[in-house]
Amino acid sequence: MEKRKLLVILLTGICALTASAQQLPYQNPNMTASAQQLPYQNPNLTASQRADDLLSRLTLEEKVSLMMDTSPAIERLGIPQFQWWNEALHGIGRNGYATVFPITMAMAASWDDALLHKVFTAVSDEARVKARQAKQSGNIKRYQSLSFWTPNINIFRDPRWGRGQETYGEDPYLTSKMGLAVVRGLQGMTYEGEWLAGPTGNPRNAYGSPRTAYKKLLACAKHYAVHSGPEWNRHTFDVESLPERDLWETYLPAFKATVLRHRLRRCSPVPTWSAARNTGICRRPCAAATSRRPTSTRACADCSSPASNWATSTLTR
């Protein structure tokens with residue numbers, strides 16, 4: 001059941017993005033006319049309905065192949081190749097020439113979240129162009145697709161961590177504001193949080209915003225949630241003395257803001273490696289916080305984190 005849920009999550013994300021095919025159609029010469037009439041290719045259905053139908057048509061081997069950050073094309077069903085791992089910390093990363101903006105900590109020093117929204121609107125413009133070019137080449141490589149593991153909204157308290165320059169500092173409120181601006185800019189929203197693209201006349205969702213045909217790309221807030229310990233031993237570092245109040249008032253507000261308030265919905269917090277009380281920090285807050293998040297929120301694992309949690313957590317044995 002859990003594997004089925006995970007696959008539905010992955011396929012829903014793909015369907016949400018590929019619904020834009022009305023504007024930029026995916027042409028697969030191997031697709032038959034009958035395949036083009038299947039429910040999962042009907043843009044009038046919801047992403048969840050299309051994912052459910054598509055899931056029922058995948059073989060076990062195909063499902064397994066889609067559970068990594070590199071998702072191969074399934075030509076018989078017209079599923080295009082997709083890469084889930086891309087970076088855009090302060091501009092498109094690891095993908096050729098791109099506009100380089102100031103490092104994250106420097107952008108935080110501006111105290112200007114409206115400016116940050118403009119920055120990441122420009123970043124997402126470049127991302128769409130680069131993804132389109134990669135798609136037209138017929139071979140989408142890592143860092144060339146439309147799912148970005150950005151922003152990093154961890155709280156920076158300890159310089160021994162080694163990745164503090166990726167964050168917006170130690171203040172939960174500032175981090176929340178900056179994180180929201182980044183998510184809105186990347187996913188195709190106004191500074192106020194309204195969707196820029198989508199058909200007119202759509203019903204408004206539970207948060208008061210119109211439903212859209214597709215998102216500009218998928219943003220992913222990381223690393224959920226107390227991922228601020230020393231970088232060198234992040235696989236085993238144990239946050240033993242973290243007070244429960246500090247967890248909820250310092251480390252979780254930015255994730256709560258991006259997920260609950262402003263619909264970071266498709267590729268949400270990346271579980272961290274850090275442990276708390278030998279239970280695995282990605283489980284302890286998840287157990288409480290997950291019950292408060294929208295059911296449409298998606299989560300994915302960071303690099304090697306499933307193996308790390310299996311090796312270091314007492315809960316997984």
# chains A, B, ... in the order shown; residues from 1 in each chain; ligands from 1
>>> select_by_dssp(residues="stretch 40-161 of chain A", states="helix (DSSP H, G or I)", output="ChimeraX atom specification")
/A:40-41,47-57,60-65,75-77,104-108,113-137,159-161
>>> residues_around(residues="A:Phe156", least_positions_apart="3", cutoff="10 Å", atoms="only C-alpha atoms", output="list of chain:residue names")
A:Met105, A:Ile153, A:Pro159, A:Arg160, A:Trp161, A:Gly162, A:Arg163, A:Gly164, A:Gln165, A:Glu166, A:Thr167, A:Tyr168, A:Gly169, A:Glu170, A:Asp171, A:Pro172, A:Thr175, A:Val226, A:His227, A:Ser228, A:Gly229, A:Tyr251
>>> residues_around(residues="A:Asp53", least_positions_apart="6", cutoff="9 Å", atoms="only C-alpha atoms", output="ChimeraX atom specification")
/A:38-40
>>> select_by_dssp(residues="stretch 60-261 of chain A", states="strand (DSSP E or B)", output="mmCIF file with C-alpha atoms, in the first residue's frame")
data_model
loop_
_atom_site.group_PDB
_atom_site.id
_atom_site.type_symbol
_atom_site.label_atom_id
_atom_site.label_comp_id
_atom_site.auth_asym_id
_atom_site.auth_seq_id
_atom_site.Cartn_x
_atom_site.Cartn_y
_atom_site.Cartn_z
ATOM 1 C CA THR A 70 15.917 9.475 -12.806
ATOM 2 C CA SER A 71 12.612 8.387 -14.346
ATOM 3 C CA ILE A 74 7.912 4.389 -20.770
ATOM 4 C CA ILE A 79 5.434 8.647 -20.507
ATOM 5 C CA PHE A 82 11.892 12.995 -16.322
ATOM 6 C CA GLN A 83 14.601 14.059 -13.884
ATOM 7 C CA GLU A 87 19.187 22.674 -8.140
ATOM 8 C CA GLY A 93 22.786 25.109 -11.022
ATOM 9 C CA SER A 147 11.621 19.535 -10.317
ATOM 10 C CA PHE A 148 13.918 21.715 -8.209
ATOM 11 C CA ASN A 152 16.855 25.478 1.594
ATOM 12 C CA MET A 189 2.654 32.604 -8.594
ATOM 13 C CA TRP A 195 -1.461 31.618 -9.688
ATOM 14 C CA ARG A 204 -11.152 28.002 -6.228
ATOM 15 C CA PRO A 210 -7.884 29.164 -8.551
ATOM 16 C CA LEU A 218 7.957 21.891 -8.892
ATOM 17 C CA ALA A 219 9.655 23.556 -5.927
ATOM 18 C CA LYS A 222 14.551 21.162 2.153
ATOM 19 C CA HIS A 223 15.857 19.614 4.396
ATOM 20 C CA TYR A 224 13.047 18.552 6.698
ATOM 21 C CA ASP A 238 22.000 12.977 16.876
#
>>> atom_distance(atom1="atom CA of A:Ser241", atom2="atom CA of A:Asp158")
14.3 Å
>>> residues_around(residues="stretch 107-112 of chain A", least_positions_apart="4", cutoff="10 Å", atoms="only C-alpha atoms", output="short mmCIF file (atom, residue, chain, number, x, y, z; two decimals) with all heavy atoms, in the first residue's frame")
data_model
loop_
_atom_site.label_atom_id
_atom_site.label_comp_id
_atom_site.auth_asym_id
_atom_site.auth_seq_id
_atom_site.Cartn_x
_atom_site.Cartn_y
_atom_site.Cartn_z
N HIS A 90 20.71 29.74 -6.06
CA HIS A 90 20.75 31.17 -6.39
C HIS A 90 20.91 31.33 -7.90
O HIS A 90 21.72 32.09 -8.39
CB HIS A 90 21.86 31.90 -5.61
CG HIS A 90 23.24 31.34 -5.82
ND1 HIS A 90 24.24 32.07 -6.40
CD2 HIS A 90 23.78 30.14 -5.52
CE1 HIS A 90 25.36 31.34 -6.44
NE2 HIS A 90 25.09 30.16 -5.91
N PHE A 101 22.85 34.60 -9.38
CA PHE A 101 22.43 35.63 -8.44
C PHE A 101 23.26 35.52 -7.16
O PHE A 101 23.97 34.52 -6.96
CB PHE A 101 20.94 35.47 -8.13
CG PHE A 101 20.05 35.74 -9.32
CD1 PHE A 101 19.64 34.70 -10.14
CD2 PHE A 101 19.65 37.03 -9.62
CE1 PHE A 101 18.83 34.94 -11.25
CE2 PHE A 101 18.85 37.29 -10.72
CZ PHE A 101 18.43 36.24 -11.54
N PRO A 102 23.21 36.52 -6.27
CA PRO A 102 23.97 36.44 -5.02
C PRO A 102 23.62 35.19 -4.22
O PRO A 102 22.51 34.67 -4.30
CB PRO A 102 23.54 37.72 -4.27
CG PRO A 102 23.13 38.66 -5.35
CD PRO A 102 22.49 37.80 -6.40
N ILE A 103 24.58 34.72 -3.44
CA ILE A 103 24.35 33.53 -2.63
C ILE A 103 23.20 33.77 -1.67
O ILE A 103 22.88 34.92 -1.32
CB ILE A 103 25.65 33.14 -1.88
CG1 ILE A 103 25.55 31.73 -1.29
CG2 ILE A 103 25.92 34.16 -0.76
CD1 ILE A 103 25.42 30.64 -2.31
N LEU A 116 13.23 39.04 -3.93
CA LEU A 116 13.56 37.63 -4.07
C LEU A 116 12.55 36.92 -4.97
O LEU A 116 12.91 36.03 -5.74
CB LEU A 116 13.59 36.97 -2.68
CG LEU A 116 14.39 35.67 -2.58
CD1 LEU A 116 15.85 35.92 -2.88
CD2 LEU A 116 14.24 35.05 -1.19
N HIS A 117 11.29 37.33 -4.87
CA HIS A 117 10.27 36.76 -5.75
C HIS A 117 10.59 37.05 -7.21
O HIS A 117 10.45 36.18 -8.08
CB HIS A 117 8.89 37.32 -5.39
CG HIS A 117 7.80 36.90 -6.33
ND1 HIS A 117 7.38 37.69 -7.39
CD2 HIS A 117 7.06 35.76 -6.39
CE1 HIS A 117 6.42 37.06 -8.05
NE2 HIS A 117 6.22 35.89 -7.47
N VAL A 119 13.57 37.58 -8.44
CA VAL A 119 14.75 36.78 -8.77
C VAL A 119 14.35 35.37 -9.21
O VAL A 119 14.78 34.86 -10.26
CB VAL A 119 15.73 36.71 -7.58
CG1 VAL A 119 16.78 35.62 -7.80
CG2 VAL A 119 16.40 38.07 -7.37
N THR A 167 21.33 28.97 3.37
CA THR A 167 20.10 29.29 4.09
C THR A 167 19.86 30.79 4.14
O THR A 167 20.64 31.60 3.65
CB THR A 167 20.16 28.74 5.52
OG1 THR A 167 21.04 29.57 6.31
CG2 THR A 167 20.67 27.30 5.53
N TYR A 168 18.75 31.16 4.83
CA TYR A 168 18.40 32.56 5.02
C TYR A 168 18.67 33.02 6.44
O TYR A 168 18.13 34.04 6.89
CB TYR A 168 16.94 32.78 4.62
CG TYR A 168 16.69 32.40 3.18
CD1 TYR A 168 16.20 31.14 2.85
CD2 TYR A 168 16.99 33.29 2.15
CE1 TYR A 168 16.01 30.78 1.52
CE2 TYR A 168 16.81 32.93 0.82
CZ TYR A 168 16.32 31.68 0.52
OH TYR A 168 16.15 31.31 -0.80
N GLY A 169 19.51 32.28 7.16
CA GLY A 169 19.91 32.70 8.49
C GLY A 169 19.24 31.92 9.61
O GLY A 169 18.74 30.82 9.42
N LEU A 174 12.03 35.41 9.11
CA LEU A 174 12.68 35.81 7.87
C LEU A 174 12.81 34.63 6.92
O LEU A 174 12.56 34.75 5.71
CB LEU A 174 14.06 36.40 8.17
CG LEU A 174 14.88 36.82 6.94
CD1 LEU A 174 14.18 37.92 6.16
CD2 LEU A 174 16.30 37.24 7.35
N THR A 175 13.18 33.47 7.45
CA THR A 175 13.31 32.27 6.62
C THR A 175 11.98 31.90 5.98
O THR A 175 11.91 31.53 4.81
CB THR A 175 13.86 31.11 7.45
OG1 THR A 175 15.15 31.45 7.95
CG2 THR A 175 13.96 29.84 6.63
N LYS A 177 9.43 33.97 5.27
CA LYS A 177 9.09 34.96 4.25
C LYS A 177 9.92 34.75 2.98
O LYS A 177 9.38 34.81 1.87
CB LYS A 177 9.32 36.36 4.80
CG LYS A 177 8.39 36.76 5.93
CD LYS A 177 6.97 36.98 5.44
CE LYS A 177 6.84 38.25 4.64
NZ LYS A 177 5.43 38.53 4.25
N MET A 178 11.21 34.53 3.15
CA MET A 178 12.07 34.32 1.99
C MET A 178 11.72 33.01 1.28
O MET A 178 11.70 32.94 0.05
CB MET A 178 13.54 34.33 2.41
CG MET A 178 14.02 35.69 2.91
SD MET A 178 13.84 36.98 1.66
CE MET A 178 14.81 38.31 2.37
N ALA A 181 8.65 33.46 -0.85
CA ALA A 181 8.94 34.22 -2.07
C ALA A 181 9.59 33.34 -3.13
O ALA A 181 9.27 33.43 -4.32
CB ALA A 181 9.83 35.42 -1.74
#
>>> closest_residue(among="A:Val182, A:Ala73, A:Ala106, A:Val100", to="A:Thr150", atoms="only C-alpha atoms")
A:Val182
>>> atom_distance(atom1="atom CA of A:Ala127", atom2="atom CA of A:Thr99")
10.7 Å
